[in-house]
$ cat input-v3.cif   # mmCIF, C-alpha atoms
data_start
#
loop_
_atom_site.group_PDB
_atom_site.id
_atom_site.type_symbol
_atom_site.label_atom_id
_atom_site.label_comp_id
_atom_site.auth_asym_id
_atom_site.auth_seq_id
_atom_site.Cartn_x
_atom_site.Cartn_y
_atom_site.Cartn_z
ATOM 1 C CA MET A 1 11.348 -98.270 118.812
ATOM 2 C CA THR A 2 9.297 -97.460 115.751
ATOM 3 C CA GLU A 3 8.994 -99.486 112.615
ATOM 4 C CA TYR A 4 11.063 -98.372 109.650
ATOM 5 C CA HIS A 5 9.487 -98.292 106.199
ATOM 6 C CA PRO A 6 12.123 -97.392 103.604
ATOM 7 C CA LYS A 7 11.353 -95.047 100.728
ATOM 8 C CA TYR A 8 12.602 -95.460 97.169
ATOM 9 C CA THR A 9 13.215 -99.197 97.524
ATOM 10 C CA ASN A 10 14.870 -101.022 94.597
ATOM 11 C CA THR A 11 16.314 -97.781 93.286
ATOM 12 C CA VAL A 12 19.861 -96.527 92.965
ATOM 13 C CA THR A 13 21.100 -92.984 93.413
ATOM 14 C CA LYS A 14 24.199 -91.751 91.618
ATOM 15 C CA TYR A 15 26.114 -88.512 91.825
ATOM 16 C CA VAL A 16 27.215 -86.970 88.533
ATOM 17 C CA PHE A 17 29.956 -84.376 88.972
ATOM 18 C CA VAL A 18 31.058 -82.082 86.190
ATOM 19 C CA GLU A 19 34.260 -80.045 86.418
ATOM 20 C CA SER A 20 34.748 -78.825 82.887
ATOM 21 C CA PRO A 21 35.679 -75.625 81.056
ATOM 22 C CA GLU A 22 33.092 -76.471 78.407
ATOM 23 C CA MET A 23 30.087 -77.709 80.353
ATOM 24 C CA THR A 24 28.310 -76.349 83.413
ATOM 25 C CA PRO A 25 26.073 -78.259 85.846
ATOM 26 C CA GLY A 26 23.146 -76.380 84.248
ATOM 27 C CA ASP A 27 24.049 -77.709 80.777
ATOM 28 C CA LEU A 28 24.321 -81.193 82.231
ATOM 29 C CA ALA A 29 20.861 -80.886 83.804
ATOM 30 C CA ILE A 30 19.280 -79.813 80.494
ATOM 31 C CA ARG A 31 20.909 -82.758 78.688
ATOM 32 C CA THR A 32 19.563 -85.071 81.389
ATOM 33 C CA TYR A 33 15.994 -83.750 81.288
ATOM 34 C CA GLU A 34 15.948 -84.443 77.549
ATOM 35 C CA ILE A 35 16.149 -88.192 78.118
ATOM 36 C CA SER A 36 15.079 -88.721 81.727
ATOM 37 C CA GLN A 37 11.802 -90.557 81.738
ATOM 38 C CA GLY A 38 10.809 -92.005 85.085
ATOM 39 C CA VAL A 39 13.859 -91.009 87.116
ATOM 40 C CA MET A 40 14.215 -88.346 89.773
ATOM 41 C CA ILE A 41 16.803 -85.644 89.142
ATOM 42 C CA LYS A 42 18.206 -83.279 91.740
ATOM 43 C CA GLU A 43 20.268 -80.397 90.425
ATOM 44 C CA THR A 44 23.217 -79.369 92.573
ATOM 45 C CA CYS A 45 26.049 -76.845 92.384
ATOM 46 C CA PHE A 46 28.489 -79.555 91.239
ATOM 47 C CA GLY A 47 26.244 -81.548 88.900
ATOM 48 C CA LEU A 48 23.330 -83.865 89.554
ATOM 49 C CA GLN A 49 21.936 -86.653 91.632
ATOM 50 C CA ILE A 50 19.909 -89.183 89.675
ATOM 51 C CA THR A 51 17.588 -91.644 91.419
ATOM 52 C CA GLY A 52 15.670 -94.427 89.730
ATOM 53 C CA ASN A 53 15.733 -97.938 88.355
ATOM 54 C CA GLU A 54 19.361 -99.074 87.988
ATOM 55 C CA ASP A 55 19.166 -99.706 84.232
ATOM 56 C CA ASP A 56 17.532 -96.327 83.573
ATOM 57 C CA VAL A 57 20.103 -94.472 85.674
ATOM 58 C CA ASN A 58 23.018 -96.275 84.002
ATOM 59 C CA ALA A 59 21.606 -95.547 80.524
ATOM 60 C CA ILE A 60 21.341 -91.826 81.347
ATOM 61 C CA ILE A 61 24.879 -91.758 82.746
ATOM 62 C CA ASP A 62 26.299 -93.526 79.673
ATOM 63 C CA HIS A 63 24.578 -90.880 77.555
ATOM 64 C CA LEU A 64 25.864 -87.970 79.680
ATOM 65 C CA ARG A 65 29.453 -89.202 79.747
ATOM 66 C CA LYS A 66 29.631 -88.853 75.952
ATOM 67 C CA PHE A 67 29.328 -85.042 76.167
ATOM 68 C CA ASP A 68 32.577 -84.562 78.097
ATOM 69 C CA PRO A 69 34.097 -87.957 78.942
ATOM 70 C CA ALA A 70 37.206 -86.708 80.710
ATOM 71 C CA HIS A 71 35.441 -84.148 82.904
ATOM 72 C CA ILE A 72 32.344 -86.007 84.109
ATOM 73 C CA PHE A 73 32.740 -88.200 87.193
ATOM 74 C CA VAL A 74 30.168 -90.579 88.635
ATOM 75 C CA LYS A 75 29.806 -92.390 91.938
ATOM 76 C CA ASP A 76 27.116 -94.237 93.871
ATOM 77 C CA ARG A 77 25.221 -92.660 96.720
ATOM 78 C CA GLY A 78 23.574 -94.595 99.550
ATOM 79 C CA PHE A 79 20.835 -92.112 100.412
ATOM 80 C CA PRO A 80 18.242 -90.659 98.030
ATOM 81 C CA PRO A 81 18.316 -86.855 97.581
ATOM 82 C CA GLY A 82 16.644 -84.814 100.301
ATOM 83 C CA ASP A 83 16.719 -87.618 102.883
ATOM 84 C CA SER A 84 16.263 -85.930 106.261
ATOM 85 C CA ARG A 85 19.048 -88.035 107.783
ATOM 86 C CA ARG A 86 21.623 -86.581 105.396
ATOM 87 C CA CYS A 87 20.225 -83.416 103.811
ATOM 88 C CA ARG A 88 21.871 -80.275 105.148
ATOM 89 C CA ALA A 89 18.516 -78.487 105.027
ATOM 90 C CA ASN A 90 17.651 -80.484 108.145
ATOM 91 C CA LEU A 91 21.081 -80.876 109.725
ATOM 92 C CA GLY A 92 22.774 -77.530 109.142
ATOM 93 C CA GLY A 93 26.393 -77.143 108.091
ATOM 94 C CA ALA A 94 28.039 -79.108 105.333
ATOM 95 C CA ARG A 95 26.528 -82.454 104.330
ATOM 96 C CA PRO A 96 28.495 -85.443 105.649
ATOM 97 C CA GLY A 97 30.767 -86.476 102.816
ATOM 98 C CA TYR A 98 31.028 -82.978 101.393
ATOM 99 C CA PHE A 99 34.645 -82.493 102.406
ATOM 100 C CA GLY A 100 35.727 -85.631 100.578
ATOM 101 C CA HIS A 101 34.011 -84.434 97.416
ATOM 102 C CA GLU A 102 35.467 -80.941 97.816
ATOM 103 C CA PHE A 103 38.988 -82.382 98.064
ATOM 104 C CA GLU A 104 38.666 -84.849 95.190
ATOM 105 C CA ILE A 105 37.039 -82.326 92.849
ATOM 106 C CA SER A 106 39.963 -79.990 93.549
ATOM 107 C CA ILE A 107 42.360 -82.568 92.058
ATOM 108 C CA SER A 108 39.993 -83.859 89.368
ATOM 109 C CA ARG A 109 41.806 -81.686 86.782
ATOM 110 C CA PHE A 110 44.833 -83.972 87.115
ATOM 111 C CA ILE A 111 42.621 -87.021 86.556
ATOM 112 C CA SER A 112 40.985 -85.339 83.541
ATOM 113 C CA LYS A 113 44.433 -84.671 82.099
ATOM 114 C CA GLY A 114 45.329 -88.332 82.690
ATOM 115 C CA LEU A 115 42.181 -89.501 80.902
ATOM 116 C CA GLU A 116 42.869 -87.208 77.943
ATOM 117 C CA GLU A 117 46.493 -88.346 77.639
ATOM 118 C CA LEU A 118 45.730 -92.056 78.042
ATOM 119 C CA PRO A 119 45.164 -92.836 74.325
ATOM 120 C CA LYS A 120 48.418 -91.037 73.419
ATOM 121 C CA ARG A 121 50.593 -93.248 75.619
ATOM 122 C CA PRO A 122 52.749 -95.763 73.750
ATOM 123 C CA ILE A 123 51.494 -99.341 74.029
ATOM 124 C CA GLY A 124 53.380 -101.304 76.662
ATOM 125 C CA SER A 125 54.728 -98.241 78.493
ATOM 126 C CA VAL A 126 55.100 -98.849 82.212
ATOM 127 C CA PRO A 127 53.289 -96.284 84.389
ATOM 128 C CA LYS A 128 55.156 -94.701 87.292
ATOM 129 C CA PRO A 129 52.316 -93.655 89.591
ATOM 130 C CA PRO A 130 52.715 -91.542 92.732
ATOM 131 C CA VAL A 131 53.319 -94.043 95.518
ATOM 132 C CA PRO A 132 53.148 -93.479 99.263
ATOM 133 C CA ALA A 133 56.416 -92.793 101.027
ATOM 134 C CA GLY A 134 57.752 -95.842 102.839
ATOM 135 C CA SER A 135 57.526 -96.070 106.610
ATOM 136 C CA ASP A 136 60.569 -95.176 108.713
ATOM 137 C CA LYS A 137 59.748 -98.067 111.023
ATOM 138 C CA LEU A 138 61.802 -101.256 110.878
ATOM 139 C CA ASP A 139 60.223 -103.789 108.523
ATOM 140 C CA ALA A 140 58.721 -106.829 110.322
ATOM 141 C CA LYS A 141 60.431 -109.297 107.969
ATOM 142 C CA LYS A 142 63.773 -107.566 108.507
ATOM 143 C CA ILE A 143 63.460 -107.725 112.290
ATOM 144 C CA GLN A 144 62.506 -111.408 112.060
ATOM 145 C CA LYS A 145 65.730 -112.080 110.117
ATOM 146 C CA ILE A 146 67.747 -110.211 112.752
ATOM 147 C CA ILE A 147 66.138 -112.254 115.537
ATOM 148 C CA GLU A 148 66.822 -115.518 113.704
ATOM 149 C CA SER A 149 70.451 -114.558 113.014
ATOM 150 C CA VAL A 150 71.009 -113.765 116.707
ATOM 151 C CA GLU A 151 69.295 -116.943 117.916
ATOM 152 C CA THR A 152 71.341 -119.264 115.696
ATOM 153 C CA MET B 1 34.183 -107.811 85.336
ATOM 154 C CA ALA B 2 35.995 -107.950 88.685
ATOM 155 C CA LYS B 3 34.778 -106.555 91.994
ATOM 156 C CA VAL B 4 37.337 -104.016 93.135
ATOM 157 C CA PHE B 5 37.437 -102.749 96.716
ATOM 158 C CA ILE B 6 38.267 -99.062 96.810
ATOM 159 C CA TYR B 7 39.873 -97.250 99.719
ATOM 160 C CA PRO B 8 38.851 -94.579 100.734
ATOM 161 C CA THR B 9 35.532 -96.339 100.376
ATOM 162 C CA THR B 10 33.779 -93.075 99.506
ATOM 163 C CA SER B 11 36.304 -91.995 96.860
ATOM 164 C CA LEU B 12 34.714 -90.344 93.830
ATOM 165 C CA ILE B 13 37.866 -90.661 91.723
ATOM 166 C CA LEU B 14 38.410 -94.372 92.384
ATOM 167 C CA SER B 15 34.729 -95.224 92.052
ATOM 168 C CA ASP B 16 34.577 -93.442 88.696
ATOM 169 C CA LEU B 17 37.808 -94.880 87.279
ATOM 170 C CA VAL B 18 37.006 -98.465 88.268
ATOM 171 C CA ALA B 19 33.529 -98.250 86.698
ATOM 172 C CA ARG B 20 34.884 -96.381 83.655
ATOM 173 C CA PHE B 21 37.376 -99.169 82.932
ATOM 174 C CA GLY B 22 34.657 -101.807 83.077
ATOM 175 C CA HIS B 23 34.794 -103.220 86.605
ATOM 176 C CA THR B 24 32.556 -102.992 89.679
ATOM 177 C CA PRO B 25 33.696 -100.633 92.439
ATOM 178 C CA LEU B 26 32.867 -101.831 95.961
ATOM 179 C CA SER B 27 32.173 -98.568 97.779
ATOM 180 C CA ALA B 28 30.544 -97.714 101.101
ATOM 181 C CA ALA B 29 27.455 -96.385 99.329
ATOM 182 C CA LEU B 30 26.397 -99.890 98.254
ATOM 183 C CA GLN B 31 26.234 -101.168 101.827
ATOM 184 C CA ILE B 32 24.625 -97.972 103.146
ATOM 185 C CA ARG B 33 21.991 -98.268 100.417
ATOM 186 C CA GLU B 34 21.278 -101.862 101.374
ATOM 187 C CA HIS B 35 20.843 -100.848 105.016
ATOM 188 C CA ILE B 36 18.562 -97.890 104.422
ATOM 189 C CA GLN B 37 16.430 -99.763 101.880
ATOM 190 C CA SER B 38 15.784 -102.706 104.219
ATOM 191 C CA PRO B 39 12.654 -102.520 106.384
ATOM 192 C CA GLY B 40 13.021 -103.101 110.115
ATOM 193 C CA LEU B 41 13.282 -100.924 113.197
ATOM 194 C CA GLU B 42 14.095 -97.259 112.854
ATOM 195 C CA SER B 43 17.729 -96.587 113.747
ATOM 196 C CA PRO B 44 18.896 -93.301 112.228
ATOM 197 C CA PRO B 45 21.034 -92.067 110.622
ATOM 198 C CA LEU B 46 22.534 -95.148 108.915
ATOM 199 C CA GLN B 47 20.124 -97.873 110.041
ATOM 200 C CA ILE B 48 22.930 -99.573 111.951
ATOM 201 C CA THR B 49 21.074 -101.747 114.457
ATOM 202 C CA PRO B 50 22.362 -103.715 117.472
ATOM 203 C CA GLU B 51 22.560 -106.714 115.122
ATOM 204 C CA ASP B 52 25.377 -105.131 113.093
ATOM 205 C CA PRO B 53 28.124 -105.223 115.754
ATOM 206 C CA LYS B 54 27.230 -108.913 116.146
ATOM 207 C CA ARG B 55 27.668 -109.484 112.414
ATOM 208 C CA GLY B 56 30.977 -107.619 112.664
ATOM 209 C CA LEU B 57 32.314 -110.436 114.863
ATOM 210 C CA LYS B 58 33.168 -112.283 111.672
ATOM 211 C CA TRP B 59 35.946 -109.761 110.943
ATOM 212 C CA ALA B 60 36.837 -108.322 114.371
ATOM 213 C CA ALA B 61 37.369 -110.051 117.715
ATOM 214 C CA VAL B 62 34.826 -109.761 120.519
ATOM 215 C CA GLU B 63 37.071 -107.486 122.593
ATOM 216 C CA VAL B 64 37.254 -104.986 119.718
ATOM 217 C CA PRO B 65 34.975 -101.975 120.430
ATOM 218 C CA SER B 66 31.445 -102.241 119.055
ATOM 219 C CA GLY B 67 32.064 -99.103 116.944
ATOM 220 C CA VAL B 68 34.689 -100.975 114.933
ATOM 221 C CA ARG B 69 32.553 -104.113 114.703
ATOM 222 C CA GLY B 70 29.554 -102.080 113.533
ATOM 223 C CA ARG B 71 31.658 -100.474 110.811
ATOM 224 C CA MET B 72 33.067 -103.871 109.849
ATOM 225 C CA SER B 73 29.529 -105.164 109.292
ATOM 226 C CA LEU B 74 29.428 -102.662 106.407
ATOM 227 C CA TYR B 75 32.930 -103.187 105.003
ATOM 228 C CA GLY B 76 33.494 -106.862 105.868
ATOM 229 C CA PRO B 77 31.086 -108.327 103.286
ATOM 230 C CA MET B 78 32.741 -106.201 100.592
ATOM 231 C CA ILE B 79 36.227 -107.350 101.631
ATOM 232 C CA ASP B 80 35.012 -110.949 101.329
ATOM 233 C CA GLN B 81 33.653 -110.296 97.824
ATOM 234 C CA ALA B 82 36.630 -108.273 96.601
ATOM 235 C CA GLU B 83 38.786 -109.722 93.830
ATOM 236 C CA ALA B 84 41.244 -106.801 93.899
ATOM 237 C CA ALA B 85 41.755 -103.565 95.802
ATOM 238 C CA ILE B 86 43.046 -100.060 95.148
ATOM 239 C CA ILE B 87 44.262 -98.159 98.194
ATOM 240 C CA ILE B 88 45.064 -94.440 98.328
ATOM 241 C CA HIS B 89 47.177 -93.780 101.390
ATOM 242 C CA ASP B 90 47.106 -90.004 101.859
ATOM 243 C CA ALA B 91 43.339 -89.506 102.060
ATOM 244 C CA ASP B 92 43.153 -86.978 104.888
ATOM 245 C CA PHE B 93 39.374 -86.738 104.604
ATOM 246 C CA SER B 94 38.984 -90.331 105.786
ATOM 247 C CA PHE B 95 40.344 -89.152 109.157
ATOM 248 C CA GLY B 96 37.829 -89.591 111.926
ATOM 249 C CA CYS B 97 37.385 -90.818 115.456
ATOM 250 C CA MET B 98 39.276 -93.777 116.947
ATOM 251 C CA GLY B 99 36.573 -96.131 115.606
ATOM 252 C CA CYS B 100 37.214 -94.902 112.067
ATOM 253 C CA ALA B 101 40.997 -95.031 112.511
ATOM 254 C CA ARG B 102 41.035 -98.609 113.795
ATOM 255 C CA THR B 103 38.517 -99.716 111.165
ATOM 256 C CA ASN B 104 40.684 -98.172 108.446
ATOM 257 C CA GLU B 105 43.709 -100.106 109.744
ATOM 258 C CA LEU B 106 41.715 -103.334 109.982
ATOM 259 C CA ILE B 107 40.356 -102.939 106.431
ATOM 260 C CA GLN B 108 43.863 -102.573 105.012
ATOM 261 C CA PHE B 109 45.143 -105.500 107.079
ATOM 262 C CA LEU B 110 42.300 -107.792 105.947
ATOM 263 C CA LEU B 111 42.766 -106.795 102.299
ATOM 264 C CA ARG B 112 46.471 -107.695 102.420
ATOM 265 C CA LYS B 113 45.796 -110.883 104.361
ATOM 266 C CA SER B 114 43.245 -112.040 101.793
ATOM 267 C CA GLY B 115 45.986 -112.247 99.141
ATOM 268 C CA ILE B 116 44.102 -110.390 96.405
ATOM 269 C CA PRO B 117 46.048 -108.022 94.100
ATOM 270 C CA VAL B 118 46.402 -104.593 95.742
ATOM 271 C CA LEU B 119 47.476 -101.340 94.077
ATOM 272 C CA ASP B 120 48.959 -98.781 96.498
ATOM 273 C CA LEU B 121 48.870 -95.147 95.455
ATOM 274 C CA ARG B 122 48.763 -91.616 96.738
ATOM 275 C CA TYR B 123 46.759 -88.749 95.261
ATOM 276 C CA PRO B 124 48.381 -86.981 92.278
ATOM 277 C CA ARG B 125 49.699 -83.466 92.948
ATOM 278 C CA THR B 126 50.636 -82.463 89.388
ATOM 279 C CA GLU B 127 49.357 -83.118 85.872
ATOM 280 C CA GLU B 128 52.246 -85.515 85.200
ATOM 281 C CA GLU B 129 51.377 -87.503 88.313
ATOM 282 C CA GLY B 130 47.734 -87.472 87.229
ATOM 283 C CA ILE B 131 48.666 -89.041 83.883
ATOM 284 C CA GLU B 132 50.688 -91.784 85.588
ATOM 285 C CA PHE B 133 47.979 -92.279 88.239
ATOM 286 C CA VAL B 134 45.274 -92.942 85.640
ATOM 287 C CA ALA B 135 47.591 -95.129 83.534
ATOM 288 C CA ALA B 136 48.552 -97.232 86.576
ATOM 289 C CA ILE B 137 44.922 -97.833 87.516
ATOM 290 C CA LYS B 138 44.033 -98.756 83.932
ATOM 291 C CA LYS B 139 46.941 -101.198 83.684
ATOM 292 C CA PHE B 140 46.095 -102.751 87.060
ATOM 293 C CA LEU B 141 42.464 -103.242 86.053
ATOM 294 C CA GLU B 142 43.399 -104.632 82.632
ATOM 295 C CA GLU B 143 45.566 -107.258 84.308
ATOM 296 C CA LEU B 144 42.524 -108.436 86.291
ATOM 297 C CA GLY B 145 40.811 -109.316 83.041
ATOM 298 C CA GLY B 146 37.160 -109.140 82.153
ATOM 299 C CA GLY B 147 36.952 -105.340 81.914
ATOM 300 C CA GLY B 148 34.643 -103.795 79.376
ATOM 301 C CA ALA B 149 36.568 -100.647 78.433
#
$ encode --input "input-v3.cif" --output "structure tokens"
Amino acid sequence: MTEYHPKYTNTVTKYVFVESPEMTPGDLAIRTYEISQGVMIKETCFGLQITGNEDDVNAIIDHLRKFDPAHIFVKDRGFPPGDSRRCRANLGGARPGYFGHEFEISISRFISKGLEELPKRPIGSVPKPPVPAGSDKLDAKKIQKIIESVET
Amino acid sequence: MAKVFIYPTTSLILSDLVARFGHTPLSAALQIREHIQSPGLESPPLQITPEDPKRGLKWAAVEVPSGVRGRMSLYGPMIDQAEAAIIIHDADFSFGCMGCARTNELIQFLLRKSGIPVLDLRYPRTEEEGIEFVAAIKKFLEELGGGGA
């Protein structure tokens, strides 16, 4: 086994996705370059990956969110951009994790709508979120009651 | 600021909403980052070493396959830290091999067993559901207290 010397230690990498009618990933990149001192930026088809000191990355993201708050989405990434263990340039095919992003970006318009409507909701209104359908299986507590009623 | 476990652990939407409303999302990326930024022996792609299935024994029994125990060495520490959890149940993209499937079941079991507040949801399919989805997450996070937004 060979020794492992990690690259980019003490850094964080964050994905910035933009799915907006008013802002493209290219616009987002230009806005980022304006204020990005000392961080690494990777432009992608969906937005950006930003790698650097945690405080610097968070400051850039706070700045970017202001341009289109309801249509910019951010999440952490474990690997730095271009890492040969994850980059599709080395692996071929879609990057692991791509399908999750593809699915969630396809429904991000509903989330954007929710974020836009949030301030308009009356105070104290009770949300009725989409909940998973209940299981057809017999509930464990119910079956325990049946067993106890038969035993007594 | 509460630490909120998100499931699916790679969810962009949950990670963004939890952070947006002022809390800390506990996602898979944090543990992966810790693994790949720690020096040691090379073990690509995720730097999961033979030590990890041993660490996983804290959350899964010894007769549980090592694939599940290795995965639990990533998720287990986050479950221990979590002060609340948001679970989306119809995440088809989290489908995987038997190791993934059993780990997913074990994660949900451990979250419920720990007694922390859990919000169960499914993905919105319309704009109206999207509005309620976001409002429910905001309300749930507000009730935890300590949020910044």
$ axis_aligned_box --input "input-v3.cif" --around "segment 101-105 of chain A" --padding-each-side "3 Å" --output "AutoDock Vina command-line options"
--center_x 36.5 --center_y -82.9 --center_z 95.5 --size_x 11.0 --size_y 9.9 --size_z 11.2
$ closest_atom_pairs --input "input-v3.cif" --of "segment 20-138 of chain A" --to "segment 94-102 of chain B" --cutoff "10 Å" --atoms "all atoms listed in the file" --output "tab-separated table"
residue	atom	partner	partner_atom	distance
A:Gly97	CA	B:Ser94	CA	9.5
A:Phe99	CA	B:Ser94	CA	9.6
A:Gly100	CA	B:Ser94	CA	7.7
$ closest_atom_pairs --input "input-v3.cif" --of "segment 77-116 of chain A" --to "segment 38-61 of chain A" --cutoff "10 Å" --atoms "only C-alpha atoms" --output "JSON lines"
{"residue": "A:Arg77", "atom": "CA", "partner": "A:Gln49", "partner_atom": "CA", "distance": 8.5}
{"residue": "A:Phe79", "atom": "CA", "partner": "A:Thr51", "partner_atom": "CA", "distance": 9.6}
{"residue": "A:Pro80", "atom": "CA", "partner": "A:Thr51", "partner_atom": "CA", "distance": 6.7}
{"residue": "A:Pro81", "atom": "CA", "partner": "A:Lys42", "partner_atom": "CA", "distance": 6.8}
{"residue": "A:Gly82", "atom": "CA", "partner": "A:Lys42", "partner_atom": "CA", "distance": 8.8}
{"residue": "A:His101", "atom": "CA", "partner": "A:Phe46", "partner_atom": "CA", "distance": 9.6}
{"residue": "A:Glu102", "atom": "CA", "partner": "A:Phe46", "partner_atom": "CA", "distance": 9.7}
{"residue": "A:Ile105", "atom": "CA", "partner": "A:Phe46", "partner_atom": "CA", "distance": 9.1}
$ closest_atom_pairs --input "input-v3.cif" --of "chain A" --to "chain B" --cutoff "6 Å" --atoms "all atoms listed in the file" --output "JSON lines"
{"residue": "A:Thr2", "atom": "CA", "partner": "B:Glu42", "partner_atom": "CA", "distance": 5.6}
{"residue": "A:Glu3", "atom": "CA", "partner": "B:Leu41", "partner_atom": "CA", "distance": 4.6}
{"residue": "A:Tyr4", "atom": "CA", "partner": "B:Glu42", "partner_atom": "CA", "distance": 4.5}
{"residue": "A:His5", "atom": "CA", "partner": "B:Pro39", "partner_atom": "CA", "distance": 5.3}
{"residue": "A:Pro6", "atom": "CA", "partner": "B:Gln37", "partner_atom": "CA", "distance": 5.2}
{"residue": "A:Thr9", "atom": "CA", "partner": "B:Gln37", "partner_atom": "CA", "distance": 5.4}
{"residue": "A:Phe73", "atom": "CA", "partner": "B:Asp16", "partner_atom": "CA", "distance": 5.8}
{"residue": "A:Val74", "atom": "CA", "partner": "B:Asp16", "partner_atom": "CA", "distance": 5.3}
{"residue": "A:Lys75", "atom": "CA", "partner": "B:Leu12", "partner_atom": "CA", "distance": 5.6}
{"residue": "A:Asp76", "atom": "CA", "partner": "B:Ala29", "partner_atom": "CA", "distance": 5.9}
{"residue": "A:Arg77", "atom": "CA", "partner": "B:Ala29", "partner_atom": "CA", "distance": 5.1}
{"residue": "A:Gly78", "atom": "CA", "partner": "B:Arg33", "partner_atom": "CA", "distance": 4.1}
{"residue": "A:Arg85", "atom": "CA", "partner": "B:Pro45", "partner_atom": "CA", "distance": 5.3}
{"residue": "A:Gly100", "atom": "CA", "partner": "B:Phe93", "partner_atom": "CA", "distance": 5.5}
{"residue": "A:Phe110", "atom": "CA", "partner": "B:Gly130", "partner_atom": "CA", "distance": 4.5}
{"residue": "A:Ile111", "atom": "CA", "partner": "B:Gly130", "partner_atom": "CA", "distance": 5.2}
{"residue": "A:Gly114", "atom": "CA", "partner": "B:Ile131", "partner_atom": "CA", "distance": 3.6}
{"residue": "A:Pro127", "atom": "CA", "partner": "B:Ala136", "partner_atom": "CA", "distance": 5.3}
{"residue": "A:Lys128", "atom": "CA", "partner": "B:Glu132", "partner_atom": "CA", "distance": 5.6}
{"residue": "A:Pro129", "atom": "CA", "partner": "B:Glu132", "partner_atom": "CA", "distance": 4.7}
{"residue": "A:Pro130", "atom": "CA", "partner": "B:Arg122", "partner_atom": "CA", "distance": 5.6}
{"residue": "A:Val131", "atom": "CA", "partner": "B:Leu121", "partner_atom": "CA", "distance": 4.6}
{"residue": "A:Pro132", "atom": "CA", "partner": "B:Arg122", "partner_atom": "CA", "distance": 5.4}
$ atom_distance --input "input-v3.cif" --atom1 "atom CA of Gly67 of chain B" --atom2 "atom CA of Thr103 of chain B"
8.7 Å
$ atom_distance --input "input-v3.cif" --atom1 "atom CA of Glu116 of chain A" --atom2 "atom CA of Ala82 of chain B"
28.8 Å
$ closest_residue --input "input-v3.cif" --among "B:Leu144, B:Ile48, B:Ile87, B:Met1" --to "Gly70 of chain B" --atoms "all atoms listed in the file"
B:Ile48
$ atom_distance --input "input-v3.cif" --atom1 "atom CA of Arg55 of chain B" --atom2 "atom CA of Pro117 of chain B"
26.0 Å
$ residues_near_point --input "input-v3.cif" --point "(40.7, -102.6, 105.6)" --cutoff "10 Å" --atoms "only C-alpha atoms" --output "PDB file with C-alpha atoms, in the coordinates of the input"
ATOM      1  CA  PHE B   5      37.437-102.749  96.716  1.00  0.00           C
ATOM      2  CA  ILE B   6      38.267 -99.062  96.810  1.00  0.00           C
ATOM      3  CA  TYR B   7      39.873 -97.250  99.719  1.00  0.00           C
ATOM      4  CA  PRO B   8      38.851 -94.579 100.734  1.00  0.00           C
ATOM      5  CA  THR B   9      35.532 -96.339 100.376  1.00  0.00           C
ATOM      6  CA  MET B  72      33.067-103.871 109.849  1.00  0.00           C
ATOM      7  CA  TYR B  75      32.930-103.187 105.003  1.00  0.00           C
ATOM      8  CA  GLY B  76      33.494-106.862 105.868  1.00  0.00           C
ATOM      9  CA  ILE B  79      36.227-107.350 101.631  1.00  0.00           C
ATOM     10  CA  ALA B  85      41.755-103.565  95.802  1.00  0.00           C
ATOM     11  CA  ILE B  87      44.262 -98.159  98.194  1.00  0.00           C
ATOM     12  CA  ARG B 102      41.035 -98.609 113.795  1.00  0.00           C
ATOM     13  CA  THR B 103      38.517 -99.716 111.165  1.00  0.00           C
ATOM     14  CA  ASN B 104      40.684 -98.172 108.446  1.00  0.00           C
ATOM     15  CA  GLU B 105      43.709-100.106 109.744  1.00  0.00           C
ATOM     16  CA  LEU B 106      41.715-103.334 109.982  1.00  0.00           C
ATOM     17  CA  ILE B 107      40.356-102.939 106.431  1.00  0.00           C
ATOM     18  CA  GLN B 108      43.863-102.573 105.012  1.00  0.00           C
ATOM     19  CA  PHE B 109      45.143-105.500 107.079  1.00  0.00           C
ATOM     20  CA  LEU B 110      42.300-107.792 105.947  1.00  0.00           C
ATOM     21  CA  LEU B 111      42.766-106.795 102.299  1.00  0.00           C
ATOM     22  CA  ARG B 112      46.471-107.695 102.420  1.00  0.00           C
ATOM     23  CA  LYS B 113      45.796-110.883 104.361  1.00  0.00           C
TER      24      LYS B 113
END
$ closest_residue --input "input-v3.cif" --among "A:Thr13, A:Ala70, A:Arg31, A:Pro21" --to "Leu118 of chain A" --atoms "only C-alpha atoms"
A:Ala70
$ decode --input "input-v3.cif" --residues "segment 105-111 of chain B" --atoms "N, CA and C atoms" --output "PDB file, in the first residue's frame"
ATOM      1  N   GLU B 105     -31.989   1.871   5.599  1.00  0.00           N
ATOM      2  CA  GLU B 105     -32.970   1.442   6.608  1.00  0.00           C
ATOM      3  C   GLU B 105     -32.427   1.667   8.021  1.00  0.00           C
ATOM      4  N   LEU B 106     -31.147   1.311   8.202  1.00  0.00           N
ATOM      5  CA  LEU B 106     -30.542   1.437   9.533  1.00  0.00           C
ATOM      6  C   LEU B 106     -30.444   2.907   9.957  1.00  0.00           C
ATOM      7  N   ILE B 107     -30.120   3.778   9.012  1.00  0.00           N
ATOM      8  CA  ILE B 107     -30.039   5.220   9.324  1.00  0.00           C
ATOM      9  C   ILE B 107     -31.386   5.708   9.844  1.00  0.00           C
ATOM     10  N   GLN B 108     -32.458   5.359   9.123  1.00  0.00           N
ATOM     11  CA  GLN B 108     -33.784   5.839   9.524  1.00  0.00           C
ATOM     12  C   GLN B 108     -34.197   5.245  10.865  1.00  0.00           C
ATOM     13  N   PHE B 109     -33.850   3.985  11.086  1.00  0.00           N
ATOM     14  CA  PHE B 109     -34.173   3.343  12.370  1.00  0.00           C
ATOM     15  C   PHE B 109     -33.441   4.053  13.513  1.00  0.00           C
ATOM     16  N   LEU B 110     -32.138   4.297  13.325  1.00  0.00           N
ATOM     17  CA  LEU B 110     -31.345   4.923  14.400  1.00  0.00           C
ATOM     18  C   LEU B 110     -31.817   6.351  14.680  1.00  0.00           C
ATOM     19  N   LEU B 111     -32.221   7.060  13.628  1.00  0.00           N
ATOM     20  CA  LEU B 111     -32.713   8.433  13.827  1.00  0.00           C
ATOM     21  C   LEU B 111     -33.977   8.418  14.684  1.00  0.00           C
TER      22      LEU B 111
END
